[in-house]
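This report refers to the structure that appears directly beneath it.
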Amino acid sequence: MQAGLNLVGKALTPGAQRSWWLREALAAEASAPCPPMNGDINADVVIVGGGFTGLWTAYFLTEANPNLRVVVLEQDICGGGPSGRNGGFASGWWDELDGLITLYGAAPAVQACRAVSDSISGIGEFCRRHGVDAWFTHAGYMFAATSAHHEAACDELVRLAREVGVPDELRALSAEEVKARCASPAFRSGAFMRDGASVQPALLARGLRRVVLERGVTIHENTTVTRVDAGPQAVALCTQGSVRAPRAVLAVNAWATGWPQLSRRLVAWSSYIVLTAPAPERLANIGWTGGELITDLRTSVRYFRTTRDGRIAFGGGGGRASSRIDDSFTHDMRAVVEAAEGFRLLFPSFADIPLEDGWGGPIDVSPTHLPAFGSLASSPNVFYALGYTGNGVAPSHLAGRVLADLVTGADTEATRLPMVNPKPRMFPPEPFRSMGAAVVRRAIIANDTAEERGVKPNPLAATIARMPRRMGFLLGP
Ligand SMILES: Cc1cc2nc3c(=O)[nH]c(=O)nc-3n(C[C@H](O)[C@H](O)[C@H](O)COP(=O)(O)OP(=O)(O)OC[C@H]3O[C@@H](n4cnc5c(N)ncnc54)[C@H](O)[C@@H]3O)c2cc1C
């Protein structure tokens, strides 16, 4: 057993089983996997990927036109990817104002933030309307600074919100106010964003799957799409069969690193979560009973939330970067240990509470730290959403709305948002993309850790961590 991990009875092996969220969700349903694709069929729209993006797109397409023949192709089961194993933070974009203003200007930035806020409410409405109990809790999102440097970053978030005329969206919290919501000895002052809801992500993904199936969408699980051939009819070629349709949607998240049309628009970084045993009395002791989402302000981001049965799910702290989605995104013990170390540092009063689970997955990092939705310049009938950069729970709902409108040719407020068909931003070609991403990721983590310990960061790590911004990317310190 690894030092720092206090597990229950057995060694925790990341990747050996599905995430706790998805295990819980699958245990609560009676549904069998949808059959794999076998044969050649026609459809009106073919969607590659059965995560939030693909399923929301299918949902909004069937809202617009119940008669559309929509086919979803998923290599695993729906929700088997990051949609069924993320932190469940459906968070607003008000903390993204800086990047949004740099890219699009102040008014479009506010418009984009409002659209994401609508999506948070939209997820709640979906759950109510369709009887999906995904634990939707709209309790807000707290930023808790753990260093002087982070306090300054927090002040800047609050200042920007005030400057663009939305002071209520992000307001400052004193150290006492932070402590009243969650008393960690590591926390200083902070900020509070009211737009933040927690969900049990796998219950949401599986609920979406149920609803779209009920609406007549065809889903083929355990079906890998090897390529999509463009043309007036797009053809999604699977290992055993194909789907031909006038419109195709690529909703493959970090796996887009392997799609030639999209690969230079992202790199994949991993993120890992550890989960405690239930300890509701300990949560009460530190006053964290309001259901708030919490994050610190490390560039490599730690994020934590509670569960209905009084656990803490704690994410971040480590991870690798790569342009191929391999086992390092799911089986990385070092990343689990780093996440566990972060948890133990911020929650010392949980020192004797065991960590019962740990899992990881890829996040699709874009050069702007923000997603883009649109159609491929080379194939206008092939649509995509990518680049959530680890923040896709609420934006993927918006992506589904946008993609459904783009697919059906509707000109709506959603399709006029600034992140729809923006000028593509590219990372350098391989091998520089992968090598650079891996080196920068480790440098950012080393830099964050030094800052948190109050020691001077290694000058080389500090220089490397700052390189992306120097190169014009909106990433890193
Ligand atoms: C550990 C972790 C924690 C996170 N925490 C948060 C959080 O708290 N809040 C937040 O907003 N975001 C979070 N994220 C990010 C969030 O999970 C994603 O942004 C979101 O799920 C994206 O949804 P998606 O449908 O685009 O991608 P996915 O859920 O990855 O779905 C894409 C699907 O495409 C399938 N696929 C890929 N290639 C093929 C192919 N060739 N053929 C067929 N199918 C294919 C995959 O199997 C996958 O199921 C986290 C991510 C991770 C990994």
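Following the order of the structure tokens, first chain is A, next is B, and so on, with residues numbered from 1 inside each chain and ligands from 1 in the order they appear.
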
Write out as a ChimeraX atom specification the residues lying within 9 Å of Lys179 (chain A), counting only C-alpha atoms and excluding same-chain residues fewer than 4 positions away. /A:174-175,183-185,187-189,286-287

Close residues to ligand 1 using only C-alpha atoms and all ligand atoms, limit 6 Å, as a PyMOL selection string: chain A and resi 48-54+73-76+78-83+85-90+223-226+251-253+255+271-273+360-363+388+390-394+396

Residue nearest Trp135 (chain A) among A:Ala446, A:Cys154, A:Ala161, A:Leu203 (counting only C-alpha atoms):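 For Trp135 (chain A), the nearest of the candidates is A:Leu203.
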
What is the CA of Asn38 (chain A)-CA of Thr57 (chain A) distance in Å, reported with one decimal? 23.2 Å

Top pick for closest residue to Phe347 (chain A), considering A:Ser119, A:Thr13, A:Asn285, A:Ser31 and counting only C-alpha atoms: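 That would be A:Asn285, the residue with the smallest distance to Phe347 (chain A).
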
Quick one: everything within 12 Å of Gln200 (chain A), counting only C-alpha atoms, minus sequence neighbours fewer than 6 positions away in the same chain. Send it as a PDB file with C-alpha atoms, in the first residue's frame.
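Writing done, so here's around.pdb:
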```pdb
ATOM      1  CA  SER A  19     -15.723   5.085 -10.843  1.00  0.00           C
ATOM      2  CA  TRP A  20     -17.802   4.975  -7.687  1.00  0.00           C
ATOM      3  CA  TRP A  21     -20.326   7.304  -9.361  1.00  0.00           C
ATOM      4  CA  LEU A  22     -20.834   4.953 -12.285  1.00  0.00           C
ATOM      5  CA  ARG A  23     -20.937   1.827 -10.148  1.00  0.00           C
ATOM      6  CA  GLU A  24     -23.681   3.454  -8.054  1.00  0.00           C
ATOM      7  CA  ALA A  25     -25.585   4.561 -11.150  1.00  0.00           C
ATOM      8  CA  GLY A  79     -21.193   7.695 -19.424  1.00  0.00           C
ATOM      9  CA  SER A  83     -18.997  12.216 -18.115  1.00  0.00           C
ATOM     10  CA  GLY A  84     -19.537   9.343 -15.684  1.00  0.00           C
ATOM     11  CA  ARG A  85     -16.476   9.958 -13.543  1.00  0.00           C
ATOM     12  CA  ASN A  86     -15.945  13.696 -13.163  1.00  0.00           C
ATOM     13  CA  GLY A  87     -16.251  15.799 -10.024  1.00  0.00           C
ATOM     14  CA  GLY A  88     -19.863  16.696 -10.775  1.00  0.00           C
ATOM     15  CA  PHE A  89     -19.183  20.449 -10.674  1.00  0.00           C
ATOM     16  CA  ALA A  90     -21.748  22.138 -12.904  1.00  0.00           C
ATOM     17  CA  ILE A 123     -29.701  20.627 -16.099  1.00  0.00           C
ATOM     18  CA  GLY A 124     -31.856  21.027 -12.987  1.00  0.00           C
ATOM     19  CA  CYS A 127     -33.761  16.312 -13.970  1.00  0.00           C
ATOM     20  CA  VAL A 132     -33.727  11.902 -13.124  1.00  0.00           C
ATOM     21  CA  ASP A 133     -32.434  12.044  -9.565  1.00  0.00           C
ATOM     22  CA  ALA A 134     -28.860  13.117 -10.251  1.00  0.00           C
ATOM     23  CA  TRP A 135     -28.545  14.851  -6.838  1.00  0.00           C
ATOM     24  CA  PHE A 136     -28.781  18.264  -8.529  1.00  0.00           C
ATOM     25  CA  THR A 137     -27.993  20.795  -5.764  1.00  0.00           C
ATOM     26  CA  ARG A 206     -27.316   7.446 -17.436  1.00  0.00           C
ATOM     27  CA  GLY A 207     -30.528   9.444 -16.964  1.00  0.00           C
ATOM     28  CA  ARG A 305     -17.432  18.412  -2.969  1.00  0.00           C
ATOM     29  CA  THR A 306     -19.543  16.340  -0.665  1.00  0.00           C
ATOM     30  CA  THR A 307     -21.883  13.455  -1.431  1.00  0.00           C
ATOM     31  CA  ARG A 308     -25.338  12.639  -0.135  1.00  0.00           C
ATOM     32  CA  ASP A 309     -23.965  10.066   2.279  1.00  0.00           C
ATOM     33  CA  ALA A 313     -14.832  13.551  -3.428  1.00  0.00           C
ATOM     34  CA  VAL A 393     -20.479  19.453 -17.078  1.00  0.00           C
TER      35      VAL A 393
END
```

Looking only at helix (DSSP H, G or I) from DSSP on the backbone, list the matching residues of region 116-310 of chain A as an MDAnalysis selection string. chainID A and resid 116:130 148:163 175:181 201:214 253:258 263:265 280:285

Next, the residues of the selection above should be written as a JSON list (two decimals), in the first residue's frame with C-alpha atoms.
```
[["chain", "number", "residue", "atom", "x", "y", "z"],
["A", 116, "VAL", "CA", -23.58, 28.70, -19.19],
["A", 117, "SER", "CA", -25.62, 29.87, -16.16],
["A", 118, "ASP", "CA", -28.80, 29.03, -18.11],
["A", 119, "SER", "CA", -27.35, 25.60, -18.75],
["A", 120, "ILE", "CA", -26.87, 25.00, -15.04],
["A", 121, "SER", "CA", -30.55, 25.75, -14.46],
["A", 122, "GLY", "CA", -31.34, 23.72, -17.58],
["A", 123, "ILE", "CA", -29.70, 20.63, -16.10],
["A", 124, "GLY", "CA", -31.86, 21.03, -12.99],
["A", 125, "GLU", "CA", -35.00, 21.44, -15.12],
["A", 126, "PHE", "CA", -34.12, 18.36, -17.16],
["A", 127, "CYS", "CA", -33.76, 16.31, -13.97],
["A", 128, "ARG", "CA", -37.11, 17.51, -12.63],
["A", 129, "ARG", "CA", -38.94, 17.08, -15.92],
["A", 130, "HIS", "CA", -37.71, 13.56, -16.57],
["A", 148, "ALA", "CA", -1.18, 34.99, -0.51],
["A", 149, "HIS", "CA", -0.69, 34.62, -4.24],
["A", 150, "HIS", "CA", -4.09, 32.89, -4.52],
["A", 151, "GLU", "CA", -5.76, 35.59, -2.44],
["A", 152, "ALA", "CA", -4.57, 38.12, -5.02],
["A", 153, "ALA", "CA", -5.96, 35.90, -7.81],
["A", 154, "CYS", "CA", -9.30, 35.78, -5.99],
["A", 155, "ASP", "CA", -9.40, 39.58, -5.65],
["A", 156, "GLU", "CA", -8.83, 39.80, -9.38],
["A", 157, "LEU", "CA", -11.78, 37.48, -10.13],
["A", 158, "VAL", "CA", -14.04, 39.64, -7.95],
["A", 159, "ARG", "CA", -12.72, 42.87, -9.48],
["A", 160, "LEU", "CA", -13.38, 41.68, -13.03],
["A", 161, "ALA", "CA", -16.95, 40.66, -12.22],
["A", 162, "ARG", "CA", -17.53, 44.13, -10.75],
["A", 163, "GLU", "CA", -15.90, 45.80, -13.75],
["A", 175, "ALA", "CA", -11.39, 34.33, 5.89],
["A", 176, "GLU", "CA", -14.17, 34.07, 8.49],
["A", 177, "GLU", "CA", -16.83, 33.70, 5.78],
["A", 178, "VAL", "CA", -14.80, 30.96, 4.09],
["A", 179, "LYS", "CA", -14.39, 29.21, 7.43],
["A", 180, "ALA", "CA", -18.11, 29.40, 8.10],
["A", 181, "ARG", "CA", -18.78, 27.42, 4.91],
["A", 201, "PRO", "CA", -22.43, 12.85, -12.88],
["A", 202, "ALA", "CA", -22.99, 9.21, -13.75],
["A", 203, "LEU", "CA", -26.64, 9.37, -12.67],
["A", 204, "LEU", "CA", -27.02, 12.37, -14.98],
["A", 205, "ALA", "CA", -25.31, 10.63, -17.90],
["A", 206, "ARG", "CA", -27.32, 7.45, -17.44],
["A", 207, "GLY", "CA", -30.53, 9.44, -16.96],
["A", 208, "LEU", "CA", -29.86, 11.21, -20.25],
["A", 209, "ARG", "CA", -29.27, 7.86, -21.92],
["A", 210, "ARG", "CA", -32.63, 6.59, -20.63],
["A", 211, "VAL", "CA", -34.49, 9.68, -21.81],
["A", 212, "VAL", "CA", -33.03, 9.70, -25.32],
["A", 213, "LEU", "CA", -33.66, 5.97, -25.69],
["A", 214, "GLU", "CA", -37.29, 6.57, -24.68],
["A", 253, "ASN", "CA", -13.79, 14.89, -25.94],
["A", 254, "ALA", "CA", -10.10, 14.10, -25.26],
["A", 255, "TRP", "CA", -10.14, 11.27, -27.81],
["A", 256, "ALA", "CA", -10.18, 14.05, -30.44],
["A", 257, "THR", "CA", -6.39, 14.07, -29.96],
["A", 258, "GLY", "CA", -6.49, 11.04, -32.28],
["A", 263, "SER", "CA", -5.89, 16.85, -33.01],
["A", 264, "ARG", "CA", -3.92, 20.11, -32.94],
["A", 265, "ARG", "CA", -6.74, 21.89, -31.15],
["A", 280, "PRO", "CA", -21.09, 13.10, 7.90],
["A", 281, "GLU", "CA", -20.22, 13.94, 11.52],
["A", 282, "ARG", "CA", -16.78, 15.18, 10.43],
["A", 283, "LEU", "CA", -18.37, 17.36, 7.76],
["A", 284, "ALA", "CA", -20.64, 18.80, 10.45],
["A", 285, "ASN", "CA", -17.57, 19.48, 12.64]]
```

In terms of the shortest atom-to-atom distance over only C-alpha atoms, which of A:Pro108, A:Thr330, A:Tyr59, A:Trp259 is closest to Gln17 (chain A)?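 Using only C-alpha atoms, Gln17 (chain A) sits closest to A:Thr330.
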
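If you measure from each of A:Ser300, A:Thr368, A:Thr408, A:Ser328 to Ile445 (chain A) using only C-alpha atoms, the closest one turns out to be A:Ser300.
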